[in-house]
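S.K.: Below you'll find run16.csv; it's CSV, C-alpha atoms.
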chain,number,residue,atom,x,y,z
A,4,MET,CA,63.0,-35.4,21.7
A,5,ASN,CA,63.4,-39.2,21.3
A,6,GLN,CA,61.8,-41.2,18.6
A,7,ARG,CA,59.2,-42.8,20.9
A,8,LYS,CA,57.8,-39.4,22.0
A,9,PHE,CA,57.8,-38.1,18.4
A,10,LEU,CA,55.8,-41.1,17.3
A,11,ILE,CA,53.3,-40.5,20.2
A,12,LEU,CA,52.8,-36.8,19.3
A,13,GLY,CA,52.5,-37.7,15.6
A,14,GLY,CA,49.8,-40.2,16.4
A,15,ALA,CA,47.9,-37.8,18.6
A,16,ALA,CA,48.0,-35.2,15.8
A,17,ALA,CA,46.7,-37.7,13.3
A,18,VAL,CA,43.8,-38.6,15.6
A,19,LEU,CA,42.9,-34.9,16.1
A,20,LEU,CA,43.1,-34.3,12.4
A,21,ALA,CA,40.9,-37.2,11.7
A,22,ALA,CA,38.4,-36.1,14.3
A,23,GLY,CA,38.3,-32.6,12.8
A,24,VAL,CA,37.7,-34.0,9.3
A,25,PHE,CA,34.9,-36.2,10.7
A,26,LEU,CA,33.2,-33.3,12.5
A,27,SER,CA,33.5,-31.1,9.4
A,28,MET,CA,32.0,-33.8,7.2
A,29,HIS,CA,29.3,-34.5,9.8
A,30,ARG,CA,28.4,-30.8,10.0
A,31,SER,CA,28.4,-30.5,6.2
A,32,SER,CA,26.1,-33.5,6.0
A,33,GLN,CA,23.8,-31.8,8.5
A,34,GLN,CA,23.7,-28.6,6.6
A,35,SER,CA,23.1,-30.5,3.3
A,36,ASP,CA,20.1,-32.2,5.0
A,37,LEU,CA,18.8,-28.9,6.1
A,38,GLY,CA,19.4,-26.9,2.9
A,39,GLY,CA,16.3,-26.2,0.9
A,40,ARG,CA,13.9,-27.6,3.6
A,41,ALA,CA,10.7,-25.7,3.9
A,42,VAL,CA,10.3,-23.9,7.3
A,43,PHE,CA,6.5,-24.5,7.2
A,44,ALA,CA,5.9,-27.6,5.0
A,45,ASP,CA,2.1,-27.3,5.1
A,46,LEU,CA,1.6,-23.5,4.9
A,47,GLU,CA,1.8,-23.2,1.1
A,48,ASP,CA,-1.2,-25.5,0.6
A,49,SER,CA,-3.2,-23.5,3.2
A,50,LEU,CA,-2.5,-20.0,1.8
A,51,GLY,CA,-6.0,-19.7,0.4
A,52,ASP,CA,-7.5,-20.3,3.9
A,53,VAL,CA,-5.3,-17.8,5.8
A,54,THR,CA,-7.5,-15.2,7.5
A,55,GLU,CA,-5.1,-13.5,9.9
A,56,ILE,CA,-1.5,-12.5,10.2
A,57,ARG,CA,-0.3,-10.9,13.4
A,58,LEU,CA,3.0,-9.1,13.8
A,59,SER,CA,4.1,-8.1,17.3
A,60,LYS,CA,7.2,-6.9,19.2
A,61,GLY,CA,8.1,-6.8,22.9
A,62,ASP,CA,7.8,-3.0,23.0
A,63,GLY,CA,4.1,-3.3,22.4
A,64,SER,CA,4.1,-2.7,18.6
A,65,LEU,CA,1.3,-4.7,17.0
A,66,THR,CA,-0.3,-5.0,13.6
A,67,THR,CA,-3.1,-7.4,12.9
A,68,LEU,CA,-3.9,-8.1,9.3
A,69,ARG,CA,-7.3,-9.7,8.8
A,70,ARG,CA,-9.1,-10.9,5.8
A,71,GLY,CA,-12.9,-10.2,5.5
A,72,ASP,CA,-15.5,-10.1,2.8
A,73,ALA,CA,-14.1,-6.8,1.5
A,74,GLY,CA,-10.5,-8.0,1.5
A,75,TRP,CA,-7.6,-7.4,3.9
A,76,SER,CA,-7.6,-4.7,6.6
A,77,VAL,CA,-5.4,-3.4,9.4
A,78,VAL,CA,-7.5,-4.1,12.4
A,79,GLU,CA,-6.0,-1.5,14.7
A,80,ARG,CA,-6.6,1.3,12.1
A,81,ASN,CA,-9.9,-0.1,10.9
A,82,TYR,CA,-8.7,0.6,7.4
A,83,PRO,CA,-8.0,-1.4,4.3
A,84,ALA,CA,-4.6,-3.0,4.1
A,85,ASP,CA,-2.2,-2.9,1.1
A,86,SER,CA,-3.1,-6.3,-0.3
A,87,ASN,CA,0.1,-6.5,-2.4
A,88,ARG,CA,2.2,-6.3,0.7
A,89,VAL,CA,0.1,-8.8,2.6
A,90,ARG,CA,0.4,-11.2,-0.3
A,91,GLU,CA,4.1,-10.7,-0.4
A,92,LEU,CA,4.5,-11.5,3.3
A,93,ALA,CA,2.2,-14.6,3.1
A,94,LEU,CA,4.1,-15.9,0.0
A,95,GLY,CA,7.4,-15.2,1.7
A,96,LEU,CA,6.4,-17.3,4.8
A,97,ALA,CA,5.1,-20.1,2.6
A,98,ASN,CA,8.3,-20.2,0.4
A,99,LEU,CA,10.7,-19.8,3.3
A,100,ARG,CA,13.6,-22.3,2.9
A,101,VAL,CA,16.4,-23.2,5.3
A,102,LEU,CA,19.9,-22.3,4.1
A,103,GLU,CA,21.8,-23.5,7.2
A,104,ALA,CA,21.5,-24.0,11.0
A,105,LYS,CA,22.7,-21.4,13.4
A,106,THR,CA,23.1,-21.1,17.1
A,107,SER,CA,21.1,-23.0,19.7
A,108,ASP,CA,22.7,-21.0,22.5
A,109,LYS,CA,20.2,-18.6,24.1
A,110,ALA,CA,23.1,-16.3,25.0
A,111,ASN,CA,23.7,-15.7,21.2
A,112,TYR,CA,20.1,-15.2,20.1
A,113,ALA,CA,20.2,-11.4,20.4
A,114,ARG,CA,23.1,-11.3,17.9
A,115,LEU,CA,20.8,-12.7,15.3
A,116,GLY,CA,17.7,-10.9,16.5
A,117,VAL,CA,15.9,-14.2,17.4
A,118,GLU,CA,15.5,-13.7,21.1
A,119,PRO,CA,12.1,-14.2,22.7
A,120,PRO,CA,10.0,-11.2,21.7
A,121,ASP,CA,8.7,-10.5,25.2
A,122,SER,CA,11.1,-7.8,26.2
A,123,PRO,CA,10.9,-4.1,25.4
A,124,THR,CA,14.5,-4.2,24.2
A,125,ALA,CA,14.1,-7.3,22.0
A,126,THR,CA,14.7,-6.6,18.3
A,127,SER,CA,12.8,-9.7,17.2
A,128,THR,CA,9.3,-9.8,15.7
A,129,LEU,CA,6.8,-12.6,16.4
A,130,VAL,CA,4.7,-13.6,13.4
A,131,ASP,CA,1.5,-15.6,14.0
A,132,VAL,CA,-0.5,-16.9,11.0
A,133,SER,CA,-4.0,-18.4,11.3
A,134,ALA,CA,-6.0,-20.4,8.8
A,135,GLY,CA,-9.0,-22.0,10.5
A,136,ASP,CA,-7.8,-24.3,13.2
A,137,LYS,CA,-4.2,-24.3,11.8
A,138,LYS,CA,-1.6,-22.0,13.4
A,139,TRP,CA,2.0,-21.1,12.4
A,140,SER,CA,4.4,-19.0,14.5
A,141,LEU,CA,7.8,-17.7,13.8
A,142,ILE,CA,10.3,-15.4,15.4
A,143,VAL,CA,11.9,-13.2,12.7
A,144,GLY,CA,15.2,-11.6,13.3
A,145,LYS,CA,17.8,-9.6,11.4
A,146,SER,CA,18.5,-9.7,7.7
A,147,ALA,CA,21.6,-11.2,6.2
A,148,ASP,CA,23.1,-9.6,3.1
A,149,ASN,CA,19.6,-8.3,2.1
A,150,ARG,CA,18.6,-11.6,0.7
A,151,ALA,CA,18.0,-13.9,3.7
A,152,VAL,CA,16.8,-13.7,7.3
A,153,TYR,CA,17.6,-15.2,10.7
A,154,ILE,CA,14.6,-17.1,12.2
A,155,ARG,CA,13.6,-19.4,15.0
A,156,LYS,CA,10.4,-21.2,15.9
A,157,PRO,CA,9.2,-20.2,19.4
A,158,ASP,CA,9.2,-23.8,20.6
A,159,THR,CA,12.6,-24.7,19.1
A,160,ALA,CA,16.1,-23.9,20.5
A,161,GLU,CA,17.8,-24.0,17.1
A,162,SER,CA,17.9,-20.8,15.0
A,163,LEU,CA,18.2,-20.9,11.2
A,164,LEU,CA,19.3,-18.8,8.3
A,165,ALA,CA,16.5,-18.9,5.7
A,166,GLU,CA,15.5,-17.2,2.4
A,167,PRO,CA,13.8,-15.2,1.0
A,168,LEU,CA,14.2,-12.1,3.1
A,169,LEU,CA,11.0,-11.3,5.1
A,170,ILE,CA,9.8,-7.8,6.0
A,171,ALA,CA,7.9,-8.4,9.2
A,172,ASP,CA,7.6,-4.8,10.5
A,173,PRO,CA,4.7,-4.3,13.0
A,174,ASP,CA,4.5,-0.6,12.1
A,175,GLN,CA,0.8,-0.2,11.2
A,176,LYS,CA,1.4,2.6,8.7
A,177,ARG,CA,3.5,0.2,6.6
A,178,TRP,CA,0.5,-2.1,6.0
A,179,ILE,CA,-2.4,0.3,5.3
A,180,ASP,CA,-3.3,1.0,1.6
A,181,ARG,CA,-2.1,4.5,1.2
A,182,LEU,CA,-3.5,5.2,-2.3
A,183,LEU,CA,-6.4,7.5,-1.6
A,184,LEU,CA,-7.2,9.0,-5.1
A,185,ASP,CA,-6.1,8.6,-8.6
A,186,VAL,CA,-8.1,11.0,-10.8
A,187,ARG,CA,-6.6,12.2,-14.1
A,188,GLY,CA,-6.5,15.9,-14.6
A,189,ALA,CA,-8.0,15.4,-18.1
A,190,ASN,CA,-11.2,14.0,-16.5
A,191,VAL,CA,-11.7,17.1,-14.2
A,192,ARG,CA,-14.4,19.3,-15.6
A,193,GLU,CA,-14.3,21.9,-12.8
A,194,LEU,CA,-12.4,22.6,-9.6
A,195,THR,CA,-13.5,25.2,-7.0
A,196,VAL,CA,-11.2,26.2,-4.2
A,197,LYS,CA,-11.5,28.1,-1.0
A,198,SER,CA,-8.2,28.8,0.6
A,199,GLY,CA,-8.6,30.2,4.1
A,200,LYS,CA,-10.5,33.5,4.2
A,201,ALA,CA,-9.7,34.3,0.5
A,202,PRO,CA,-12.5,34.4,-2.0
A,203,VAL,CA,-13.5,31.2,-3.8
A,204,TYR,CA,-12.1,30.7,-7.3
A,205,ARG,CA,-12.9,28.3,-10.1
A,206,ILE,CA,-10.9,26.4,-12.8
A,207,ALA,CA,-12.9,24.8,-15.5
A,208,ARG,CA,-13.0,23.5,-19.1
A,209,THR,CA,-16.0,23.5,-21.3
A,210,LYS,CA,-15.8,20.0,-22.8
A,211,GLN,CA,-13.9,16.8,-22.4
A,212,GLY,CA,-10.7,16.6,-24.3
A,213,GLU,CA,-10.1,20.3,-24.2
A,214,THR,CA,-6.7,21.2,-23.0
A,215,ASP,CA,-7.3,24.9,-22.2
A,216,LEU,CA,-8.6,25.8,-18.7
A,217,ALA,CA,-10.2,29.0,-17.6
A,218,LEU,CA,-9.7,30.7,-14.2
A,219,SER,CA,-12.5,32.8,-12.7
A,220,PRO,CA,-13.0,35.3,-11.4
A,221,VAL,CA,-9.9,37.2,-12.5
A,222,PRO,CA,-9.6,40.6,-10.7
A,223,LYS,CA,-9.7,43.7,-12.8
A,224,GLY,CA,-6.2,44.5,-14.2
A,225,ARG,CA,-4.8,41.0,-13.5
A,226,THR,CA,-4.1,38.1,-15.8
A,227,ALA,CA,-4.3,34.4,-15.1
A,228,VAL,CA,-1.1,32.4,-15.2
A,229,SER,CA,-0.2,30.0,-18.1
A,230,ASN,CA,-2.4,27.1,-18.9
A,231,MET,CA,0.3,24.8,-17.9
A,232,VAL,CA,0.1,26.0,-14.3
A,233,LEU,CA,-3.7,25.7,-14.3
A,234,ASN,CA,-3.4,22.2,-15.6
A,235,GLY,CA,-1.0,21.4,-12.8
A,236,GLN,CA,-3.7,22.5,-10.3
A,237,VAL,CA,-6.2,20.0,-11.6
A,238,GLU,CA,-3.6,17.2,-11.7
A,239,THR,CA,-3.3,17.2,-7.9
A,240,LEU,CA,-5.3,14.0,-7.4
A,241,VAL,CA,-3.2,11.8,-9.6
A,242,ALA,CA,-1.6,9.0,-7.6
A,243,PHE,CA,-2.5,10.7,-4.4
A,244,ASN,CA,-1.0,8.8,-1.5
A,245,PHE,CA,-1.5,9.8,2.1
A,246,GLU,CA,0.9,9.2,5.0
A,247,ASP,CA,-1.4,8.2,7.8
A,248,VAL,CA,-5.1,7.8,8.8
A,249,ARG,CA,-6.9,8.3,12.1
A,250,ALA,CA,-10.3,8.8,13.6
A,251,LEU,CA,-11.9,12.2,12.9
A,252,PRO,CA,-11.2,14.6,15.8
A,253,SER,CA,-14.5,15.9,17.2
A,254,ALA,CA,-13.4,19.5,17.5
A,255,ALA,CA,-11.4,19.9,14.3
A,256,VAL,CA,-12.1,22.9,12.1
A,257,TYR,CA,-11.2,22.7,8.4
A,258,PRO,CA,-10.8,26.2,6.9
A,259,ASP,CA,-9.8,25.1,3.4
A,260,ALA,CA,-12.1,23.4,0.9
A,261,ALA,CA,-11.8,22.1,-2.7
A,262,THR,CA,-14.4,20.4,-4.9
A,263,TYR,CA,-13.5,18.4,-8.0
A,264,ARG,CA,-16.2,17.6,-10.6
A,265,THR,CA,-15.3,15.1,-13.3
A,266,PHE,CA,-16.7,14.4,-16.7
A,267,ASP,CA,-18.0,11.0,-15.5
A,268,GLY,CA,-20.1,12.6,-12.8
A,269,GLN,CA,-17.9,12.3,-9.7
A,270,VAL,CA,-18.0,15.0,-7.1
A,271,ILE,CA,-15.1,14.8,-4.7
A,272,GLU,CA,-15.1,17.3,-1.8
A,273,ILE,CA,-11.9,17.8,0.2
A,274,ALA,CA,-11.7,19.8,3.4
A,275,GLY,CA,-8.3,20.7,4.9
A,276,ARG,CA,-6.6,22.0,8.0
A,277,ARG,CA,-3.0,22.4,9.3
A,278,ASP,CA,-1.8,21.4,12.7
A,279,GLY,CA,1.7,22.8,13.1
A,280,GLU,CA,3.8,21.3,10.3
A,281,LYS,CA,1.3,18.5,9.6
A,282,ALA,CA,-1.6,18.7,7.1
A,283,PHE,CA,-4.9,16.8,7.3
A,284,ILE,CA,-7.8,16.4,5.0
A,285,THR,CA,-11.2,14.8,5.0
A,286,VAL,CA,-12.8,13.4,1.8
A,287,LYS,CA,-16.4,13.0,0.7
A,288,ALA,CA,-17.5,11.7,-2.6
A,289,GLN,CA,-20.7,11.1,-4.5
A,290,ARG,CA,-21.7,10.5,-8.1
A,291,ASP,CA,-24.0,12.9,-9.9
A,292,ALA,CA,-25.1,11.2,-13.1
A,293,SER,CA,-26.8,14.4,-14.3
A,294,GLN,CA,-23.4,16.1,-14.4
A,295,ALA,CA,-21.8,13.4,-16.5
A,296,ALA,CA,-20.8,14.4,-20.0
A,297,PRO,CA,-22.5,12.4,-22.8
A,298,PRO,CA,-20.2,9.9,-24.6
A,299,ALA,CA,-18.8,10.8,-28.0
A,300,ALA,CA,-21.2,9.8,-30.8
A,301,ILE,CA,-20.4,6.5,-32.4
A,302,ALA,CA,-19.9,6.5,-36.2
A,303,ALA,CA,-23.0,5.1,-37.9
A,304,PRO,CA,-22.6,1.7,-39.5
A,305,ALA,CA,-23.5,1.0,-43.1
A,306,ALA,CA,-27.2,0.9,-43.6
A,307,SER,CA,-28.7,-2.6,-43.6
A,308,THR,CA,-32.0,-3.8,-44.9
A,309,THR,CA,-32.1,-6.5,-42.2
A,310,ALA,CA,-33.0,-5.3,-38.7
A,311,ALA,CA,-31.2,-6.8,-35.8
A,312,PRO,CA,-33.2,-9.1,-33.6
A,313,GLY,CA,-35.0,-6.9,-31.0
A,314,ALA,CA,-34.2,-3.7,-32.8
A,315,ASP,CA,-36.5,-0.7,-32.2
A,316,ALA,CA,-38.6,-0.5,-35.4
A,317,ALA,CA,-38.9,3.3,-34.9
A,318,ALA,CA,-35.2,3.8,-35.1
A,319,ALA,CA,-33.9,5.0,-38.5
A,320,PRO,CA,-31.5,2.6,-40.2
A,321,GLY,CA,-27.9,3.6,-39.6
A,322,ALA,CA,-28.8,6.2,-36.9
A,323,PRO,CA,-26.3,6.7,-34.1
A,324,PRO,CA,-27.4,5.5,-30.7
A,325,ALA,CA,-29.1,8.1,-28.4
A,326,GLN,CA,-26.6,9.9,-26.2
A,327,GLY,CA,-27.2,9.5,-22.5
A,328,PRO,CA,-25.1,10.1,-19.4
A,329,ALA,CA,-21.5,8.8,-19.6
A,330,GLU,CA,-20.8,5.5,-18.0
A,331,PRO,CA,-18.5,5.7,-14.9
A,332,LYS,CA,-14.9,5.2,-16.0
A,333,ASP,CA,-13.7,4.1,-12.6
A,334,ASN,CA,-15.0,3.3,-9.1
A,335,THR,CA,-13.2,6.2,-7.3
A,336,THR,CA,-16.4,7.5,-5.7
A,337,GLU,CA,-17.6,4.1,-4.6
A,338,ARG,CA,-14.2,3.2,-3.2
A,339,LEU,CA,-13.9,6.5,-1.3
A,340,ALA,CA,-17.4,6.1,0.2
A,341,ALA,CA,-16.3,2.9,1.8
A,342,ARG,CA,-13.1,4.2,3.2
A,343,THR,CA,-13.4,7.9,4.2
A,344,GLN,CA,-16.3,8.0,6.7
A,345,GLY,CA,-15.3,9.2,10.1
A,346,VAL,CA,-11.6,9.5,9.4
A,347,GLU,CA,-9.1,12.1,8.4
A,348,PHE,CA,-5.9,11.6,6.5
A,349,GLU,CA,-2.5,13.1,7.1
A,350,VAL,CA,-1.0,14.1,3.7
A,351,PRO,CA,2.3,15.4,2.5
A,352,ALA,CA,2.6,19.2,2.8
A,353,TYR,CA,3.3,19.6,-0.9
A,354,LYS,CA,0.1,17.8,-1.8
A,355,TYR,CA,-1.9,19.9,0.6
A,356,GLU,CA,-0.4,23.1,-0.9
A,357,GLY,CA,-1.1,21.9,-4.4
A,358,ILE,CA,-4.8,21.4,-3.7
A,359,PHE,CA,-5.5,24.6,-1.7
A,360,LYS,CA,-3.3,26.9,-3.7
A,361,PRO,CA,-4.2,30.6,-3.0
A,362,GLN,CA,-5.7,32.4,-6.0
A,363,GLU,CA,-2.9,34.9,-6.0
A,364,GLU,CA,-0.5,32.1,-7.0
A,365,LEU,CA,-2.7,31.6,-10.2
A,366,LEU,CA,-2.3,35.2,-11.2
A,367,GLU,CA,0.6,36.9,-13.0
A,368,LYS,CA,2.5,39.2,-10.8
A,369,LYS,CA,1.4,42.8,-10.9
Please render this file's structure as structure tokens.
M.R.:
Amino acid sequence: MNQRKFLILGGAAAVLLAAGVFLSMHRSSQQSDLGGRAVFADLEDSLGDVTEIRLSKGDGSLTTLRRGDAGWSVVERNYPADSNRVRELALGLANLRVLEAKTSDKANYARLGVEPPDSPTATSTLVDVSAGDKKWSLIVGKSADNRAVYIRKPDTAESLLAEPLLIADPDQKRWIDRLLLDVRGANVRELTVKSGKAPVYRIARTKQGETDLALSPVPKGRTAVSNMVLNGQVETLVAFNFEDVRALPSAAVYPDAATYRTFDGQVIEIAGRRDGEKAFITVKAQRDASQAAPPAAIAAPAASTTAAPGADAAAAPGAPPAQGPAEPKDNTTERLAARTQGVEFEVPAYKYEGIFKPQEELLEKK
């Protein structure tokens, strides 16, 4: 190779190197301009006005989250939504920031999960947010390192990598509020259970704060199990989460029944049935003030010669207040009344078995 050719090749290599450096710097500059930019610049200021979030996929999966006077609900299930999850999704969309630009080639969309969500095989999810006349739409794709997510606006060719990670799953069960009951065993005054065709039995305590429970009736020659086991029976409504909810089947028969009566006057009736390996219950609740235990007496204050304004002149100085029905300690009954009409709940098998335990399991072995 002569010197002239060597100089020509060297010059070409230098040009290519310079071009490469320029393109790299230009791309870095573009990424720097994108980095940290909000995906939806005006959504954060409108969060308080958001009334609907719609999640849909090309396979027909759909969840509509709508805010009403009573809070958020899953429209397709006609049931309250988990407000914490809805809030997390809304905040995630409002705080979404661009990390870097990705492909604008339609042929590569599926690799990131940002293809148009109009095909049954598409893995992408379309998220539509509404706040009055304002609308925001986003195609949410695959996650990246469990901290970020690939996204694309439906009317834009360029896809992006953004954070935080969004969970935009259109499975309706994910969004319903699954907490059905949370009644402490210590608040249960009496539990009556009918398991199938077996006789009804009762577990009760005489006063609030008492740890010992009594089982009745106990067949002649038999002994009830330990108090620890009986306590476990009345604890079955603590953090009671269901798995799914659906409209009440018209022809369903519920052979099992349990009624919980609490010291603050709640009466919670649960009916149950099995369908293969699945277990279903219905719930009814009311508040019976006459059954509420009176509150503990308040210690009398030191006698005073000066009556308080508006005090009853007939009341003896220093006398404790009259004991009436206990004030409700929670709104379980009222909450249930608004949620349980016309529906049945699918519950875990172990929860079902814990509620409708046959009496034989509460007796010592012969």
S.K.: So how far away is CA of Lys137 (chain A) from CA of Asp45 (chain A), in Å?
M.R.: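 Those two atoms sit 9.7 Å apart.
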S.K.: Tell me which residues come within 12 Å of (-5.1, -25.1, 4.4), as a ChimeraX atom specification, counting all atoms listed in the file in the file's coordinates.
M.R.: /A:43-54,97,132-139
S.K.: What is the distance, in Å and to one decimal place, between CA of Asp278 (chain A) and CA of Ala250 (chain A)?
M.R.: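 Atom-to-atom, CA of Asp278 (chain A) to CA of Ala250 (chain A), that is 15.2 Å.
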S.K.: Within 10 Å of Ala341 (chain A), counting only C-alpha atoms, which residues show up once you throw out same-chain ones fewer than 3 positions away? Write them as a ChimeraX atom specification, please.
M.R.: /A:73,82-83,288,336-338,344
S.K.: Excluding Trp178 (chain A) and any residue of its chain fewer than 2 positions from it, enumerate the residues within 12 Å of it, using all atoms listed in the file, and give them as an mmCIF file with C-alpha atoms, in the frame of the given file.
M.R.:
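As a result, result-v9.cif now contains:
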data_model
loop_
_atom_site.group_PDB
_atom_site.id
_atom_site.type_symbol
_atom_site.label_atom_id
_atom_site.label_comp_id
_atom_site.auth_asym_id
_atom_site.auth_seq_id
_atom_site.Cartn_x
_atom_site.Cartn_y
_atom_site.Cartn_z
ATOM 1 C CA ILE A 56 -1.500 -12.500 10.200
ATOM 2 C CA ARG A 57 -0.300 -10.900 13.400
ATOM 3 C CA LEU A 58 3.000 -9.100 13.800
ATOM 4 C CA LEU A 65 1.300 -4.700 17.000
ATOM 5 C CA THR A 66 -0.300 -5.000 13.600
ATOM 6 C CA THR A 67 -3.100 -7.400 12.900
ATOM 7 C CA LEU A 68 -3.900 -8.100 9.300
ATOM 8 C CA ARG A 69 -7.300 -9.700 8.800
ATOM 9 C CA TRP A 75 -7.600 -7.400 3.900
ATOM 10 C CA SER A 76 -7.600 -4.700 6.600
ATOM 11 C CA VAL A 77 -5.400 -3.400 9.400
ATOM 12 C CA VAL A 78 -7.500 -4.100 12.400
ATOM 13 C CA GLU A 79 -6.000 -1.500 14.700
ATOM 14 C CA ARG A 80 -6.600 1.300 12.100
ATOM 15 C CA ASN A 81 -9.900 -0.100 10.900
ATOM 16 C CA TYR A 82 -8.700 0.600 7.400
ATOM 17 C CA PRO A 83 -8.000 -1.400 4.300
ATOM 18 C CA ALA A 84 -4.600 -3.000 4.100
ATOM 19 C CA ASP A 85 -2.200 -2.900 1.100
ATOM 20 C CA SER A 86 -3.100 -6.300 -0.300
ATOM 21 C CA ASN A 87 0.100 -6.500 -2.400
ATOM 22 C CA ARG A 88 2.200 -6.300 0.700
ATOM 23 C CA VAL A 89 0.100 -8.800 2.600
ATOM 24 C CA ARG A 90 0.400 -11.200 -0.300
ATOM 25 C CA GLU A 91 4.100 -10.700 -0.400
ATOM 26 C CA LEU A 92 4.500 -11.500 3.300
ATOM 27 C CA ILE A 170 9.800 -7.800 6.000
ATOM 28 C CA ALA A 171 7.900 -8.400 9.200
ATOM 29 C CA ASP A 172 7.600 -4.800 10.500
ATOM 30 C CA PRO A 173 4.700 -4.300 13.000
ATOM 31 C CA ASP A 174 4.500 -0.600 12.100
ATOM 32 C CA GLN A 175 0.800 -0.200 11.200
ATOM 33 C CA LYS A 176 1.400 2.600 8.700
ATOM 34 C CA ASP A 180 -3.300 1.000 1.600
ATOM 35 C CA ARG A 181 -2.100 4.500 1.200
ATOM 36 C CA LEU A 182 -3.500 5.200 -2.300
ATOM 37 C CA GLU A 246 0.900 9.200 5.000
ATOM 38 C CA ASP A 247 -1.400 8.200 7.800
ATOM 39 C CA VAL A 248 -5.100 7.800 8.800
#
S.K.: Just the number, please: distance in Å from CA of Ser140 (chain A) to CA of Glu103 (chain A), one decimal.
M.R.: 19.4 Å
S.K.: Might you pull out every residue within 8 Å of Lys105 (chain A), with all atoms listed in the file counted and same-chain residues fewer than 6 positions away left off, and present them as a list in words?
M.R.: Glu161, Ser162, Leu163 and Leu164 of chain A
S.K.: Near Val186 (chain A), within 8 Å and counting all atoms listed in the file, which residues show up once chain neighbours fewer than 2 positions away are dropped, as a list in words?
M.R.: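 Contacts, with the query itself left out: Leu184, Gly188, Asn190, Val191, Glu238, Leu240, Val241, Ala242 and Thr335 of chain A.
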S.K.: May I ask which of the residues A:Leu183, A:Leu233, A:Ala292, A:Val228 is the closest one to Leu216 (chain A), counting only C-alpha atoms?
M.R.: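 Closest residue, counting only C-alpha atoms: A:Leu233.
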S.K.: Please, which residues are within 9 Å of (8.5, -20.9, 16.8) by the file's coordinates, counting only C-alpha atoms, and could they come as a list in words?
M.R.: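 Every residue inside that radius is included here: Leu129, Val130, Trp139, Ser140, Leu141, Ile142, Ile154, Arg155, Lys156, Pro157, Asp158, Thr159 and Ala160 of chain A.
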S.K.: Just checking: using only C-alpha atoms, which residue out of A:Ser107, A:Lys197, A:Phe359, A:Leu251 ends up closest to Val237 (chain A)?
M.R.: A:Phe359
